Amino acid sequence: MKPKKLIKEMEKRNITITRIDRTKRHYKCYLTNGRFVIASCSASDHRELNNLAGCARKELRNCE
């Protein structure tokens, strides 16, 4: 999945991604609090996006 599409899909799920870095096979998606979550480059189904959104919510909640 392209980074711009990943940002758009996460915004639909009320998650704001500030920046994306690419590693060899994954994306590092940085959140508004400075933490990051790892996303697959080949996110092909909605379940993977829901899991990523859940991990992002958990990271945002743990920071507060």
# chains A, B, ... in the order shown; residues from 1 in each chain; ligands from 1

$ select_by_dssp --residues "chain A" --states "strand (DSSP E or B)" --output "PyMOL selection string"
chain A and resi 17-22+26-31+36-40

$ residues_around --residues "Leu52 in chain A" --least-positions-apart "4" --cutoff "7 Å" --atoms "only C-alpha atoms" --output "NGL selection string"
:A and (39 or 48 or 56)

$ residues_around --residues "Lys2 in chain A" --least-positions-apart "5" --cutoff "12 Å" --atoms "only C-alpha atoms" --output "PDB file with C-alpha atoms, in the first residue's frame"
ATOM      1  CA  ILE A   7      -2.550   7.921   5.709  1.00  0.00           C
ATOM      2  CA  LYS A   8      -5.963   8.372   4.083  1.00  0.00           C
ATOM      3  CA  GLU A   9      -7.227   5.009   5.355  1.00  0.00           C
ATOM      4  CA  ILE A  20       6.016   7.564   7.384  1.00  0.00           C
ATOM      5  CA  ASP A  21       9.498   6.064   7.040  1.00  0.00           C
ATOM      6  CA  ARG A  22      10.094   3.023   4.909  1.00  0.00           C
ATOM      7  CA  HIS A  26       7.615  -2.301   6.429  1.00  0.00           C
ATOM      8  CA  TYR A  27       6.510   1.256   7.105  1.00  0.00           C
ATOM      9  CA  ALA A  39       2.746  -1.420   9.114  1.00  0.00           C
ATOM     10  CA  SER A  40       3.247  -3.929   6.341  1.00  0.00           C
ATOM     11  CA  CYS A  41       3.971  -2.594   2.862  1.00  0.00           C
ATOM     12  CA  SER A  42       1.453  -5.044   1.431  1.00  0.00           C
ATOM     13  CA  ALA A  43      -1.601  -4.236   3.531  1.00  0.00           C
ATOM     14  CA  SER A  44      -4.194  -5.798   1.295  1.00  0.00           C
TER      15      SER A  44
END

$ atom_distance --atom1 "CA of Asn33 in chain A" --atom2 "CA of His46 in chain A"
24.7 Å

$ residues_around --residues "Gly54 in chain A" --least-positions-apart "4" --cutoff "12 Å" --atoms "only C-alpha atoms" --output "PyMOL selection string"
chain A and resi 10+13-15+37-39+47-50+58-61

$ closest_residue --among "A:Ile17, A:Met1, A:Leu6, A:Cys55" --to "Tyr30 in chain A" --atoms "only C-alpha atoms"
A:Ile17

$ closest_residue --among "A:Asn51, A:Lys12, A:Cys63, A:Lys5" --to "Thr32 in chain A" --atoms "only C-alpha atoms"
A:Cys63

$ select_by_dssp --residues "chain A" --states "helix (DSSP H, G or I)" --output "JSON, numbers by chain"
{"A": [3, 4, 5, 6, 7, 8, 9, 10, 11, 12, 46, 47, 48, 49, 50, 51, 52, 53, 54, 55, 56, 57, 58, 59, 60, 61, 62, 63]}

$ write_last_selection --atoms "N, CA, C and O atoms" --output "compact mmCIF listing (two decimals), in the first residue's frame"
# COMPACT_ATOMS: atom_id res chain seq x y z
N PRO A 3 2.10 5.04 0.79
CA PRO A 3 2.02 5.81 2.04
C PRO A 3 0.84 6.79 2.08
O PRO A 3 0.18 6.92 3.10
N LYS A 4 0.54 7.46 0.97
CA LYS A 4 -0.57 8.41 0.97
C LYS A 4 -1.90 7.72 1.19
O LYS A 4 -2.78 8.22 1.88
N LYS A 5 -2.05 6.54 0.60
CA LYS A 5 -3.28 5.78 0.79
C LYS A 5 -3.39 5.28 2.23
O LYS A 5 -4.47 5.27 2.81
N LEU A 6 -2.27 4.88 2.81
CA LEU A 6 -2.25 4.43 4.19
C LEU A 6 -2.67 5.56 5.13
O LEU A 6 -3.48 5.35 6.04
N ILE A 7 -2.16 6.77 4.90
CA ILE A 7 -2.55 7.92 5.71
C ILE A 7 -4.04 8.20 5.56
O ILE A 7 -4.75 8.44 6.55
N LYS A 8 -4.54 8.11 4.34
CA LYS A 8 -5.96 8.37 4.08
C LYS A 8 -6.85 7.33 4.78
O LYS A 8 -7.86 7.67 5.39
N GLU A 9 -6.45 6.07 4.72
CA GLU A 9 -7.23 5.01 5.35
C GLU A 9 -7.21 5.14 6.88
O GLU A 9 -8.21 4.88 7.54
N MET A 10 -6.08 5.57 7.43
CA MET A 10 -6.00 5.75 8.88
C MET A 10 -6.81 6.97 9.32
O MET A 10 -7.39 6.97 10.40
N GLU A 11 -6.88 8.00 8.50
CA GLU A 11 -7.70 9.16 8.84
C GLU A 11 -9.18 8.80 8.86
O GLU A 11 -9.93 9.36 9.64
N LYS A 12 -9.59 7.84 8.05
CA LYS A 12 -10.97 7.36 8.09
C LYS A 12 -11.27 6.71 9.43
O LYS A 12 -12.41 6.70 9.89
N HIS A 46 -8.88 -5.27 4.87
CA HIS A 46 -9.35 -4.33 5.88
C HIS A 46 -8.99 -4.78 7.29
O HIS A 46 -8.84 -3.95 8.18
N ARG A 47 -8.82 -6.07 7.52
CA ARG A 47 -8.47 -6.54 8.86
C ARG A 47 -7.10 -6.05 9.28
O ARG A 47 -6.88 -5.68 10.44
N GLU A 48 -6.16 -6.01 8.36
CA GLU A 48 -4.82 -5.54 8.69
C GLU A 48 -4.86 -4.05 9.04
O GLU A 48 -4.19 -3.60 9.96
N LEU A 49 -5.68 -3.29 8.32
CA LEU A 49 -5.81 -1.87 8.63
C LEU A 49 -6.49 -1.65 9.98
O LEU A 49 -6.11 -0.77 10.74
N ASN A 50 -7.48 -2.49 10.29
CA ASN A 50 -8.13 -2.40 11.60
C ASN A 50 -7.16 -2.75 12.72
O ASN A 50 -7.16 -2.12 13.78
N ASN A 51 -6.31 -3.75 12.52
CA ASN A 51 -5.30 -4.12 13.51
C ASN A 51 -4.29 -3.00 13.70
O ASN A 51 -3.88 -2.70 14.83
N LEU A 52 -3.89 -2.37 12.61
CA LEU A 52 -2.96 -1.24 12.70
C LEU A 52 -3.59 -0.08 13.46
O LEU A 52 -2.93 0.54 14.31
N ALA A 53 -4.85 0.20 13.19
CA ALA A 53 -5.55 1.28 13.90
C ALA A 53 -5.66 0.94 15.39
O ALA A 53 -5.50 1.83 16.25
N GLY A 54 -5.90 -0.31 15.71
CA GLY A 54 -5.97 -0.72 17.11
C GLY A 54 -4.65 -0.55 17.83
O GLY A 54 -4.60 -0.08 18.97
N CYS A 55 -3.56 -0.93 17.16
CA CYS A 55 -2.22 -0.74 17.74
C CYS A 55 -1.91 0.74 17.94
O CYS A 55 -1.32 1.14 18.94
N ALA A 56 -2.32 1.56 16.97
CA ALA A 56 -2.08 3.00 17.09
C ALA A 56 -2.87 3.59 18.25
O ALA A 56 -2.34 4.40 19.01
N ARG A 57 -4.13 3.18 18.40
CA ARG A 57 -4.93 3.67 19.53
C ARG A 57 -4.30 3.25 20.87
O ARG A 57 -4.30 4.03 21.82
N LYS A 58 -3.77 2.04 20.91
CA LYS A 58 -3.14 1.57 22.14
C LYS A 58 -1.91 2.40 22.47
O LYS A 58 -1.70 2.77 23.63
N GLU A 59 -1.10 2.73 21.47
CA GLU A 59 0.08 3.55 21.69
C GLU A 59 -0.29 4.97 22.11
O GLU A 59 0.35 5.56 22.98
N LEU A 60 -1.34 5.51 21.51
CA LEU A 60 -1.78 6.85 21.90
C LEU A 60 -2.33 6.86 23.33
O LEU A 60 -2.12 7.81 24.07
N ARG A 61 -3.02 5.82 23.72
CA ARG A 61 -3.60 5.72 25.05
C ARG A 61 -2.51 5.53 26.10
O ARG A 61 -2.59 6.10 27.20
N ASN A 62 -1.47 4.75 25.81
CA ASN A 62 -0.41 4.47 26.77
C ASN A 62 0.45 5.70 27.05
O ASN A 62 1.10 5.78 28.08
N CYS A 63 0.51 6.62 26.14
CA CYS A 63 1.36 7.79 26.31
C CYS A 63 0.78 8.78 27.31
O CYS A 63 1.50 9.52 27.95
